[in-house]
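For reference, input.txt (compact mmCIF, C-alpha atoms and all ligand atoms):
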```txt
# COMPACT_ATOMS: atom_id res chain seq x y z
CA MET Z 1419 105.52 90.38 124.39
CA PRO Z 1420 108.25 88.08 123.00
CA LEU Z 1421 111.87 89.25 122.89
CA PRO Z 1422 112.64 90.65 119.43
CA ASN Z 1423 114.71 87.63 118.43
CA THR Z 1424 112.37 84.96 119.66
CA ASP Z 1425 111.79 82.11 117.24
CA MET Z 1426 108.12 81.67 116.32
CA ALA Z 1427 106.13 78.67 115.14
CA PRO Z 1428 105.08 79.19 111.49
CA PRO Z 1429 101.59 80.77 111.25
CA PRO Z 1430 98.83 78.46 109.92
CA HIS Z 1431 98.69 80.03 106.42
CA VAL Z 1432 102.33 79.04 105.70
CA PRO Z 1433 102.52 75.65 103.93
CA THR Z 1434 104.94 73.19 105.58
CA GLU Z 1435 106.90 72.73 102.35
CA LEU Z 1436 107.77 76.46 102.41
CA VAL Z 1437 109.26 76.36 105.92
CA VAL Z 1438 113.09 76.37 106.13
CA ASP Z 1439 115.03 76.70 109.37
CA PHE Z 1440 117.27 79.67 108.49
CA ASP Z 1441 118.85 82.23 110.83
CA PHE Z 1442 120.36 85.05 108.76
CA TYR Z 1443 122.58 86.05 111.69
CA ARG Z 1444 124.11 82.57 111.70
CA PRO Z 1445 123.88 80.82 108.34
CA GLU Z 1446 125.82 77.57 108.55
CA GLY Z 1447 129.47 78.15 107.59
CA ALA Z 1448 129.30 81.97 107.90
CA GLU Z 1449 132.39 82.06 110.10
CA VAL Z 1450 134.40 80.81 107.08
CA ASP Z 1451 132.47 82.26 104.12
CA PRO Z 1452 129.06 83.90 104.66
CA PHE Z 1453 128.52 84.38 100.89
CA LEU Z 1454 128.78 80.66 100.15
CA ALA Z 1455 126.74 79.95 103.28
CA LEU Z 1456 123.91 82.15 101.93
CA LYS Z 1457 124.27 81.00 98.32
CA ARG Z 1458 123.06 77.56 99.43
CA LEU Z 1459 119.61 79.17 99.71
CA HIS Z 1460 119.43 79.07 95.89
CA ASP Z 1461 118.59 75.37 96.40
CA LYS Z 1462 115.52 76.32 98.46
CA PRO Z 1463 112.11 77.57 97.24
CA GLU Z 1464 112.02 80.99 95.53
CA VAL Z 1465 110.34 82.40 98.63
CA PHE Z 1466 110.32 80.52 101.93
CA TRP Z 1467 109.34 81.11 105.58
CA THR Z 1468 111.76 80.81 108.48
CA PRO Z 1469 110.58 80.69 112.09
CA ARG Z 1470 113.81 82.39 113.26
CA ASN Z 1471 114.16 86.00 114.41
CA GLY Z 1472 110.46 86.53 114.94
CA GLY Z 1473 109.44 84.61 111.80
CA HIS Z 1474 109.70 86.09 108.29
CA TRP Z 1475 109.80 85.31 104.56
CA VAL Z 1476 113.06 85.14 102.59
CA ALA Z 1477 113.39 85.89 98.84
CA THR Z 1478 116.17 83.81 97.33
CA ARG Z 1479 116.23 84.67 93.59
CA GLY Z 1480 118.10 87.63 92.08
CA GLU Z 1481 115.26 88.70 89.82
CA ASP Z 1482 112.75 88.77 92.69
CA ILE Z 1483 115.10 90.65 95.02
CA ARG Z 1484 115.50 93.44 92.47
CA GLU Z 1485 111.75 93.54 91.87
CA ILE Z 1486 110.84 93.68 95.57
CA LEU Z 1487 113.39 96.42 96.25
CA THR Z 1488 111.97 98.61 93.49
CA ASP Z 1489 108.26 97.94 94.08
CA HIS Z 1490 107.50 100.22 97.02
CA GLU Z 1491 103.77 100.14 96.18
CA THR Z 1492 103.63 96.47 97.18
CA PHE Z 1493 106.52 96.25 99.65
CA SER Z 1494 106.93 98.95 102.31
CA SER Z 1495 110.22 100.03 103.90
CA ARG Z 1496 108.58 100.67 107.29
CA HIS Z 1497 110.74 97.96 108.91
CA VAL Z 1498 113.92 97.17 106.98
CA PHE Z 1499 115.57 95.33 109.87
CA VAL Z 1500 114.49 91.89 111.04
CA PRO Z 1501 112.91 91.46 113.50
CA ALA Z 1502 110.76 94.59 113.24
CA THR Z 1503 111.02 97.10 116.10
CA PRO Z 1504 107.60 98.81 116.27
CA ASP Z 1505 108.54 100.52 119.55
CA ARG Z 1506 111.19 102.65 117.79
CA PRO Z 1507 110.58 105.60 115.49
CA PRO Z 1508 111.48 104.86 111.86
CA SER Z 1509 114.97 105.41 110.50
CA VAL Z 1510 114.76 108.46 108.20
CA PRO Z 1511 114.64 108.38 105.19
CA LEU Z 1512 115.41 104.63 105.21
CA GLU Z 1513 112.07 103.48 106.68
CA ILE Z 1514 109.83 106.16 105.16
CA ASP Z 1515 107.81 105.27 102.06
CA PRO Z 1516 106.98 107.61 99.18
CA PRO Z 1517 105.59 110.22 98.93
CA ASP Z 1518 107.07 111.49 102.24
CA HIS Z 1519 110.39 109.75 101.61
CA GLU Z 1520 111.52 112.30 99.06
CA LYS Z 1521 111.34 115.37 101.30
CA TYR Z 1522 113.50 113.68 103.93
CA ARG Z 1523 115.96 112.32 101.39
CA ARG Z 1524 116.34 115.81 99.91
CA LEU Z 1525 117.59 116.95 103.32
CA ILE Z 1526 120.65 114.72 103.31
CA MET Z 1527 121.49 114.62 99.60
CA PRO Z 1528 123.66 117.78 99.51
CA ALA Z 1529 126.20 116.00 101.73
CA PHE Z 1530 126.58 113.20 99.16
CA SER Z 1531 126.73 115.19 95.90
CA PRO Z 1532 129.83 114.49 93.77
CA PRO Z 1533 131.40 117.91 94.63
CA ALA Z 1534 130.74 117.39 98.36
CA VAL Z 1535 132.35 113.95 98.23
CA ALA Z 1536 135.27 115.25 96.14
CA ALA Z 1537 135.88 117.85 98.85
CA TRP Z 1538 136.68 115.03 101.30
CA ALA Z 1539 138.93 113.13 98.91
CA ASP Z 1540 142.18 114.97 99.73
CA GLU Z 1541 141.66 114.44 103.43
CA ALA Z 1542 140.84 110.76 102.87
CA ARG Z 1543 143.99 110.31 100.76
CA ALA Z 1544 146.21 111.97 103.37
CA LEU Z 1545 144.64 109.88 106.10
CA ALA Z 1546 145.06 106.62 104.15
CA VAL Z 1547 148.75 107.36 103.55
CA SER Z 1548 149.41 108.26 107.18
CA LEU Z 1549 147.63 105.13 108.46
CA ILE Z 1550 149.61 102.88 106.10
CA GLU Z 1551 152.90 104.60 106.91
CA GLY Z 1552 152.14 104.07 110.59
CA PHE Z 1553 152.36 100.26 110.25
CA HIS Z 1554 154.22 99.71 106.95
CA GLU Z 1555 157.63 99.08 108.54
CA ARG Z 1556 156.15 96.46 110.90
CA GLY Z 1557 155.38 94.22 107.92
CA GLU Z 1558 152.00 93.31 109.36
CA CYS Z 1559 148.69 94.73 110.56
CA GLU Z 1560 145.25 93.67 111.65
CA PHE Z 1561 143.57 95.20 108.63
CA MET Z 1562 140.13 95.76 110.16
CA ALA Z 1563 141.24 97.56 113.35
CA ASP Z 1564 144.32 99.29 111.88
CA PHE Z 1565 142.84 100.50 108.61
CA ALA Z 1566 139.25 99.61 107.62
CA GLN Z 1567 137.73 100.77 110.89
CA GLN Z 1568 139.72 103.99 110.76
CA LEU Z 1569 139.61 105.60 107.33
CA PRO Z 1570 135.86 105.62 106.56
CA MET Z 1571 134.91 106.16 110.20
CA ILE Z 1572 137.15 109.17 110.65
CA ILE Z 1573 135.89 110.74 107.42
CA PHE Z 1574 132.28 110.11 108.50
CA LEU Z 1575 132.83 111.56 112.00
CA ARG Z 1576 134.35 114.66 110.40
CA MET Z 1577 131.36 114.96 108.02
CA ALA Z 1578 128.96 114.62 110.95
CA GLY Z 1579 130.94 116.98 113.20
CA LEU Z 1580 131.43 114.30 115.88
CA PRO Z 1581 134.53 113.99 118.10
CA LEU Z 1582 137.12 111.54 116.75
CA GLU Z 1583 137.59 110.14 120.29
CA HIS Z 1584 134.08 108.65 119.98
CA ARG Z 1585 135.17 106.47 117.05
CA GLU Z 1586 135.96 103.26 118.90
CA MET Z 1587 132.84 103.42 121.07
CA LEU Z 1588 130.52 104.11 118.12
CA VAL Z 1589 132.14 101.46 115.95
CA SER Z 1590 131.71 98.82 118.64
CA TRP Z 1591 128.02 99.71 119.16
CA VAL Z 1592 127.20 99.77 115.44
CA SER Z 1593 129.05 96.58 114.55
CA ALA Z 1594 127.61 94.65 117.51
CA GLY Z 1595 124.18 95.96 116.49
CA VAL Z 1596 124.36 94.35 113.02
CA ARG Z 1597 126.13 91.05 113.81
CA PRO Z 1598 125.32 87.78 115.60
CA GLY Z 1599 125.83 87.46 119.33
CA ASP Z 1600 122.98 87.10 121.71
CA SER Z 1601 119.99 89.23 120.88
CA GLU Z 1602 120.00 90.99 124.25
CA ARG Z 1603 123.58 92.15 123.66
CA ARG Z 1604 122.65 93.31 120.18
CA GLU Z 1605 119.70 95.27 121.56
CA ALA Z 1606 121.87 96.72 124.36
CA ASN Z 1607 124.34 98.03 121.76
CA ARG Z 1608 121.54 99.50 119.66
CA ALA Z 1609 120.15 101.12 122.82
CA ASN Z 1610 123.57 102.66 123.56
CA LEU Z 1611 123.63 104.15 120.08
CA ALA Z 1612 120.05 105.39 120.49
CA GLY Z 1613 120.99 107.12 123.78
CA TYR Z 1614 124.06 108.71 122.20
CA ILE Z 1615 121.86 110.08 119.42
CA LYS Z 1616 119.43 111.62 121.91
CA ASP Z 1617 122.32 113.58 123.46
CA LEU Z 1618 123.54 114.53 120.01
CA ILE Z 1619 120.12 115.93 119.10
CA ALA Z 1620 120.03 118.05 122.25
CA ALA Z 1621 123.49 119.43 121.45
CA ARG Z 1622 122.63 120.25 117.81
CA ARG Z 1623 119.31 121.82 118.75
CA ALA Z 1624 121.17 124.07 121.17
CA ASP Z 1625 123.69 125.05 118.48
CA PRO Z 1626 122.94 124.15 114.86
CA SER Z 1627 125.49 126.58 113.41
CA GLY Z 1628 128.13 124.00 112.37
CA ASP Z 1629 128.96 123.09 108.75
CA ASP Z 1630 128.44 119.35 109.38
CA ILE Z 1631 125.64 117.30 107.82
CA ILE Z 1632 123.62 116.97 111.03
CA SER Z 1633 123.60 120.73 111.68
CA HIS Z 1634 122.58 121.26 108.04
CA VAL Z 1635 119.63 118.88 108.47
CA PHE Z 1636 118.58 120.59 111.69
CA ARG Z 1637 118.80 124.06 110.14
CA THR Z 1638 116.84 123.06 107.02
CA GLY Z 1639 113.93 121.12 108.56
CA VAL Z 1640 110.91 119.88 106.56
CA ASP Z 1641 107.62 121.46 105.49
CA GLY Z 1642 108.92 124.83 106.71
CA ARG Z 1643 109.41 123.68 110.32
CA PRO Z 1644 112.23 122.13 112.35
CA LEU Z 1645 112.42 118.32 112.56
CA ASN Z 1646 110.56 116.88 115.54
CA ASP Z 1647 112.41 114.58 117.96
CA ASP Z 1648 111.43 111.34 116.20
CA GLU Z 1649 112.45 112.67 112.78
CA ALA Z 1650 115.75 114.01 114.11
CA TRP Z 1651 116.44 110.70 115.82
CA GLY Z 1652 115.61 108.76 112.65
CA VAL Z 1653 117.95 110.82 110.47
CA CYS Z 1654 120.87 110.47 112.90
CA TYR Z 1655 120.24 106.73 113.35
CA THR Z 1656 120.29 106.17 109.57
CA LEU Z 1657 123.42 108.23 109.05
CA LEU Z 1658 125.38 106.63 111.88
CA GLY Z 1659 124.19 103.13 110.99
CA GLY Z 1660 124.90 103.66 107.27
CA GLY Z 1661 128.15 105.52 107.62
CA LEU Z 1662 129.99 103.63 110.33
CA ASP Z 1663 130.19 99.98 109.38
CA THR Z 1664 129.37 99.37 105.72
CA VAL Z 1665 132.47 100.78 104.03
CA ALA Z 1666 134.77 99.09 106.56
CA SER Z 1667 133.14 95.71 105.91
CA SER Z 1668 133.43 96.16 102.15
CA MET Z 1669 137.08 97.18 102.43
CA GLY Z 1670 137.67 94.05 104.50
CA TRP Z 1671 136.29 91.80 101.73
CA VAL Z 1672 138.29 93.65 99.05
CA ALA Z 1673 141.53 93.34 101.05
CA LEU Z 1674 140.89 89.67 101.86
CA PHE Z 1675 140.28 88.82 98.21
CA LEU Z 1676 143.40 90.65 96.99
CA ALA Z 1677 145.52 89.08 99.75
CA ARG Z 1678 144.49 85.63 98.55
CA ASN Z 1679 144.64 86.33 94.80
CA PRO Z 1680 148.02 87.62 93.59
CA ASP Z 1681 146.99 87.40 89.91
CA HIS Z 1682 144.16 89.85 90.43
CA ARG Z 1683 146.46 92.08 92.46
CA ARG Z 1684 148.97 92.05 89.62
CA GLN Z 1685 146.28 93.11 87.14
CA LEU Z 1686 145.64 96.22 89.23
CA LEU Z 1687 149.33 96.97 89.71
CA GLN Z 1688 149.99 96.70 85.97
CA ASN Z 1689 146.88 98.62 85.00
CA PRO Z 1690 145.65 101.00 87.74
CA GLY Z 1691 143.03 102.28 85.26
CA LEU Z 1692 141.22 99.01 85.95
CA ILE Z 1693 140.66 99.86 89.63
CA PRO Z 1694 137.16 101.45 89.28
CA ARG Z 1695 135.86 98.38 87.41
CA ALA Z 1696 137.57 96.10 89.89
CA ILE Z 1697 135.77 97.90 92.73
CA ASP Z 1698 132.38 97.43 91.04
CA GLU Z 1699 133.14 93.75 90.52
CA LEU Z 1700 134.35 93.22 94.10
CA LEU Z 1701 131.29 95.01 95.52
CA ARG Z 1702 129.19 92.62 93.43
CA ARG Z 1703 131.07 89.46 94.37
CA PHE Z 1704 131.08 90.48 98.04
CA SER Z 1705 127.63 92.03 98.38
CA ILE Z 1706 127.23 92.63 102.12
CA PRO Z 1707 123.75 93.96 103.04
CA THR Z 1708 120.67 92.02 104.08
CA ILE Z 1709 117.53 94.14 104.29
CA ALA Z 1710 113.80 93.56 104.50
CA ARG Z 1711 110.50 94.97 103.34
CA VAL Z 1712 107.00 94.74 104.84
CA VAL Z 1713 104.27 93.18 102.68
CA ARG Z 1714 101.49 95.78 102.19
CA ARG Z 1715 98.58 93.50 101.22
CA ASP Z 1716 97.70 89.80 101.24
CA MET Z 1717 98.97 88.28 98.02
CA SER Z 1718 100.49 85.20 96.42
CA TYR Z 1719 104.09 85.85 95.38
CA LYS Z 1720 106.08 83.11 93.59
CA GLY Z 1721 103.80 80.54 95.18
CA ALA Z 1722 104.09 81.96 98.71
CA PRO Z 1723 100.95 83.21 100.52
CA LEU Z 1724 102.23 86.56 101.86
CA LYS Z 1725 100.07 88.40 104.38
CA ALA Z 1726 99.98 92.16 104.99
CA GLY Z 1727 102.39 93.15 107.77
CA GLU Z 1728 104.80 90.21 107.31
CA GLN Z 1729 108.45 90.89 106.60
CA ILE Z 1730 110.35 89.57 103.60
CA LEU Z 1731 114.15 89.46 103.89
CA MET Z 1732 116.60 89.88 101.00
CA PRO Z 1733 120.28 89.02 101.31
CA ALA Z 1734 121.68 91.18 98.46
CA CYS Z 1735 124.35 88.54 97.71
CA LEU Z 1736 121.61 86.16 96.52
CA GLN Z 1737 121.07 88.58 93.62
CA ALA Z 1738 124.80 89.15 93.02
CA LEU Z 1739 125.65 85.43 93.09
CA ASP Z 1740 122.67 84.18 91.09
CA GLU Z 1741 123.64 82.34 87.86
CA ARG Z 1742 120.33 83.48 86.38
CA VAL Z 1743 121.52 87.10 86.68
CA PHE Z 1744 125.33 86.98 86.25
CA ASP Z 1745 127.45 84.46 84.28
CA ASP Z 1746 129.76 82.44 86.49
CA PRO Z 1747 128.90 84.68 89.47
CA LEU Z 1748 131.40 83.28 91.98
CA THR Z 1749 134.34 84.16 89.71
CA VAL Z 1750 135.87 87.61 90.14
CA ASP Z 1751 136.40 89.03 86.65
CA PHE Z 1752 137.59 92.64 86.44
CA GLN Z 1753 136.53 92.70 82.76
CA ARG Z 1754 132.91 91.87 83.54
CA THR Z 1755 130.78 94.50 81.80
CA ASP Z 1756 127.57 94.14 83.85
CA ALA Z 1757 129.13 94.10 87.35
CA ARG Z 1758 127.28 97.30 88.30
CA MET Z 1759 123.92 95.55 88.03
CA HIS Z 1760 124.34 94.37 91.64
CA CYS Z 1761 121.98 95.37 94.49
CA THR Z 1762 124.75 96.02 97.03
CA PHE Z 1763 123.56 99.63 97.29
CA SER Z 1764 119.91 98.51 96.92
CA GLN Z 1765 117.62 99.65 94.07
CA GLY Z 1766 114.68 102.00 93.74
CA VAL Z 1767 113.96 105.12 95.76
CA HIS Z 1768 116.11 104.10 98.74
CA ARG Z 1769 119.24 103.37 96.67
CA CYS Z 1770 122.18 104.28 98.89
CA PRO Z 1771 123.08 107.98 98.66
CA GLY Z 1772 126.41 107.19 100.38
CA SER Z 1773 127.54 105.02 97.44
CA THR Z 1774 129.59 107.83 95.82
CA LEU Z 1775 131.45 108.34 99.08
CA ALA Z 1776 131.89 104.59 99.62
CA LEU Z 1777 133.30 104.07 96.10
CA ARG Z 1778 135.63 107.03 96.53
CA GLU Z 1779 136.96 105.76 99.85
CA ILE Z 1780 137.60 102.27 98.51
CA ARG Z 1781 139.42 103.84 95.55
CA VAL Z 1782 141.55 105.95 97.91
CA PHE Z 1783 142.35 102.82 99.92
CA LEU Z 1784 143.44 100.80 96.88
CA ASP Z 1785 145.53 103.59 95.35
CA ALA Z 1786 147.36 104.30 98.61
CA TRP Z 1787 147.75 100.65 99.63
CA LEU Z 1788 148.90 99.12 96.34
CA ALA Z 1789 151.46 101.91 95.83
CA ARG Z 1790 153.05 101.08 99.19
CA ILE Z 1791 152.24 97.42 99.81
CA PRO Z 1792 151.96 95.76 96.39
CA ASP Z 1793 152.43 92.23 97.77
CA PHE Z 1794 150.63 91.04 100.86
CA GLU Z 1795 148.94 87.92 102.15
CA VAL Z 1796 146.93 86.63 105.06
CA LYS Z 1797 149.32 85.91 107.94
CA PRO Z 1798 150.13 82.19 107.72
CA GLY Z 1799 148.69 80.15 110.56
CA GLU Z 1800 146.26 82.90 111.65
CA ALA Z 1801 142.52 82.69 111.22
CA VAL Z 1802 140.41 85.15 109.27
CA ARG Z 1803 137.08 85.56 111.08
CA THR Z 1804 133.91 86.49 109.20
CA SER Z 1805 130.23 86.63 110.09
CA GLY Z 1806 126.63 86.80 108.90
CA GLY Z 1807 124.13 89.49 109.91
CA ILE Z 1808 122.63 92.68 108.51
CA SER Z 1809 126.00 93.41 106.96
CA LEU Z 1810 128.28 90.47 106.17
CA GLY Z 1811 131.48 91.31 107.98
CA VAL Z 1812 135.16 90.52 108.20
CA LEU Z 1813 135.83 90.48 111.94
CA SER Z 1814 139.59 90.07 111.82
CA LEU Z 1815 142.05 90.07 108.95
CA PRO Z 1816 145.73 89.65 109.88
CA LEU Z 1817 147.88 90.66 106.88
CA VAL Z 1818 151.66 90.38 106.35
CA TRP Z 1819 154.13 91.69 103.76
CA THR Z 1820 157.84 92.35 103.39
CA PRO Z 1821 158.51 95.96 104.48
C1 LIG D 1 129.86 99.92 100.89
C2 LIG D 1 129.19 100.77 101.64
C3 LIG D 1 127.68 100.87 101.71
C4 LIG D 1 126.73 99.94 101.44
C5 LIG D 1 126.95 98.50 100.96
C6 LIG D 1 125.44 100.55 101.67
C7 LIG D 1 124.22 99.93 101.49
C8 LIG D 1 122.98 100.57 101.56
C9 LIG D 1 121.73 99.96 101.24
C10 LIG D 1 121.57 98.51 100.81
C11 LIG D 1 120.76 100.91 101.40
C12 LIG D 1 119.28 100.80 101.09
C13 LIG D 1 118.51 99.95 102.02
C14 LIG D 1 117.09 99.77 101.53
O1 LIG D 1 116.82 99.77 100.33
O2 LIG D 1 116.24 99.56 102.40
C15 LIG D 1 121.41 102.10 101.87
C16 LIG D 1 120.73 103.27 102.18
C17 LIG D 1 121.35 104.35 102.76
N1 LIG D 1 122.71 104.52 102.98
FE1 LIG D 1 124.17 103.25 102.43
N2 LIG D 1 125.64 101.83 102.12
C18 LIG D 1 126.99 102.08 102.14
C19 LIG D 1 127.60 103.25 102.54
C20 LIG D 1 126.95 104.33 103.06
C21 LIG D 1 127.59 105.50 103.62
C22 LIG D 1 129.10 105.70 103.71
C23 LIG D 1 126.60 106.34 104.06
C24 LIG D 1 126.68 107.65 104.77
C25 LIG D 1 127.72 108.22 105.24
C26 LIG D 1 125.34 105.71 103.73
C27 LIG D 1 124.10 106.27 103.99
C28 LIG D 1 122.90 105.73 103.58
C29 LIG D 1 121.61 106.40 103.76
C30 LIG D 1 121.38 107.77 104.38
C31 LIG D 1 120.63 105.53 103.24
C32 LIG D 1 119.12 105.75 103.21
C33 LIG D 1 118.67 106.22 101.84
C34 LIG D 1 117.17 106.28 101.66
O3 LIG D 1 116.43 105.64 102.41
O4 LIG D 1 116.73 107.00 100.75
N3 LIG D 1 125.59 104.50 103.13
N4 LIG D 1 122.77 101.89 101.95
```

Starting from the file, lay out its structure as structure tokens.
Ligand code: HEM
Amino acid sequence: MPLPNTDMAPPPHVPTELVVDFDFYRPEGAEVDPFLALKRLHDKPEVFWTPRNGGHWVATRGEDIREILTDHETFSSRHVFVPATPDRPPSVPLEIDPPDHEKYRRLIMPAFSPPAVAAWADEARALAVSLIEGFHERGECEFMADFAQQLPMIIFLRMAGLPLEHREMLVSWVSAGVRPGDSERREANRANLAGYIKDLIAARRADPSGDDIISHVFRTGVDGRPLNDDEAWGVCYTLLGGGLDTVASSMGWVALFLARNPDHRRQLLQNPGLIPRAIDELLRRFSIPTIARVVRRDMSYKGAPLKAGEQILMPACLQALDERVFDDPLTVDFQRTDARMHCTFSQGVHRCPGSTLALREIRVFLDAWLARIPDFEVKPGEAVRTSGGISLGVLSLPLVWTP
């Protein structure tokens, strides 16, 4: 059996003119700007085949990405990560198709209702202020390690009833699991996370009395019975994968943009009421996820001969940065009225339930930060490092300001 990331020769049904050598973990130029690196795919066919990462299709047009995400009858969620990992149970509810999807999703939704999220807001605000006050006088910080990988992670660990001392370890496993690096290392990190989850399941089965989201899921169960081991594993894997890296990456892109664009920063300082729209627009302009679907039946789609069982990958930024969907998509415009039409949180039945929490945390960050550090920039002479992968990330972001 080939290693999961092995490159494959295109199968015979794929026409040569639809083959493009594209590795979504390492698009050319991703270390400087992964969004522009991916946007170049708009020059390629609407749907093309790449032999990389096990071989898969890629959808490059905004309209098609939205359609594929919503059409679960034609495109299954059984394997949303490329390459597929048939030896692992599905992530739940992420890799479960309707009709079963709904019963699993119902299990986790109470944790993400607006009142549940609002209940965490005070704690998030206090935490944001204490983190910023911890480094404010220094006049500099490494934004990712000192802030972005703290605030959302700590809130998530508290929601999940996990020890805060596990933060660094979990963050390193999750972020290495979604970024480039050699595939064996990526798999080793995912395996570490999988092992951690097994222990977590044993602990929660022994005592499901806590008020955290995982205990709630274990107490509730499905179809009138407790979750079996695969289901329990799948729920925990989705929650940890979804909750531990995504908000930090998005905060990194927001902070990087504002550090480089004082005019936009000034707009928010002069009119804080604009912040919610600015967040929508920045989540559109910096749309981080790349997810896949599995083709359910042989078909021709936009001229591509798709076969049942093949994966089709969708970098969400190809929808957000498509001129056919948004006017002047590379420009950040806080007055844009259709910014929310992005697919950053996906579309259809799997649309991210954590989006309310994510938006709230980014709002908390901007309110607390701009009130204390209105002027900041990238530290002169120091490199900002970014990367491709399942979630487009800022790896390091050195910021400076006058205390
Ligand atoms: C900016 C931050 C976030 C982004 C960009 C994001 C993105 C996404 C995307 C694209 C999907 C759907 C994937 C698909 O259609 O296959 C998704 C699903 C999901 N996300 Fe998020 N997410 C974010 C934050 C969070 C947070 C903070 C949590 C939890 C604490 C979370 C939990 C989930 C769960 C449980 C699902 C599965 C939903 C389902 O399958 O019905 N997400 N997210």

Q) What is the CA of Ile1550 in chain Z-atom C8 of ligand LIG 1 (chain D) distance in Å, reported with one decimal? A)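 If I compute the distance from CA of Ile1550 in chain Z to atom C8 of ligand LIG 1 (chain D), I get 27.1 Å.
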
Q. Which chains and residue numbers are within 8 Å of ligand LIG 1 (chain D), counting all atoms listed in the file, if I want them as number ranges by chain?
A. Z: 1487, 1495, 1498, 1510-1514, 1519-1520, 1523, 1526, 1530, 1570, 1574, 1653, 1656-1669, 1701, 1705-1711, 1734, 1761-1773, 1775-1777, 1809

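The two atoms in question, CA of Leu1731 in chain Z and CA of Val1476 in chain Z, are spaced 4.6 Å apart.
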
Q.
As an exercise, work out the distance from CA of Leu1700 in chain Z to CA of Ala1757 in chain Z in Å and give it to one decimal place.
A.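 A separation of 8.6 Å between them.
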
**Q.** Nearest to Asp1617 in chain Z by atom-to-atom distance, counting only C-alpha atoms, from Z:Leu1580, Z:Ile1631, Z:Gly1557, Z:Arg1643
**A.** Z:Leu1580

Q: Determine, counting all atoms listed in the file, every residue of protein, DNA or RNA that lies within 12 Å of (144.2, 92.9, 108.2) in the file coordinates, then give the result as a PyMOL selection string.
A: chain Z and resi 1550+1553+1557-1567+1666-1667+1669-1677+1794-1797+1800-1803+1812-1819

Q | From Z:Asp1461, Z:Phe1442, Z:Trp1475, Z:Ala1536, residue lying nearest Ala1722 in chain Z [all atoms listed in the file] | A |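 Of Z:Asp1461, Z:Phe1442, Z:Trp1475, Z:Ala1536, the one nearest Ala1722 in chain Z, counting all atoms listed in the file, is Z:Trp1475.
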
Can you build me a table of range 1470-1553 of chain Z residues sitting at most 12 Å from range 1599-1613 of chain Z, with the closest atom pair per residue and its distance in Å to one decimal, using only C-alpha atoms, sorted by chain and residue number, as JSON lines?
```
{"residue": "Z:Arg1470", "atom": "CA", "partner": "Z:Ser1601", "partner_atom": "CA", "distance": 12.0}
{"residue": "Z:Asn1471", "atom": "CA", "partner": "Z:Ser1601", "partner_atom": "CA", "distance": 9.3}
{"residue": "Z:Gly1472", "atom": "CA", "partner": "Z:Ser1601", "partner_atom": "CA", "distance": 11.5}
{"residue": "Z:Val1500", "atom": "CA", "partner": "Z:Ser1601", "partner_atom": "CA", "distance": 11.6}
{"residue": "Z:Pro1501", "atom": "CA", "partner": "Z:Ser1601", "partner_atom": "CA", "distance": 10.5}
{"residue": "Z:Thr1503", "atom": "CA", "partner": "Z:Glu1605", "partner_atom": "CA", "distance": 10.4}
{"residue": "Z:Arg1506", "atom": "CA", "partner": "Z:Ala1612", "partner_atom": "CA", "distance": 9.7}
{"residue": "Z:Pro1507", "atom": "CA", "partner": "Z:Ala1612", "partner_atom": "CA", "distance": 10.7}
{"residue": "Z:Ser1509", "atom": "CA", "partner": "Z:Ala1612", "partner_atom": "CA", "distance": 11.2}
```

Q) Using only C-alpha atoms, which of the listed residues (Z:Ala1650, Z:Leu1736, Z:Leu1545, Z:Leu1687) sits closest to Leu1456 in chain Z? A) Z:Leu1736

Q | For Gly1628 in chain Z, the nearest of the candidates Z:Gly1652, Z:Gly1579, Z:Pro1516, Z:Pro1508, counting only C-alpha atoms | A |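 Result for the nearest residue to Gly1628 in chain Z: Z:Gly1579.
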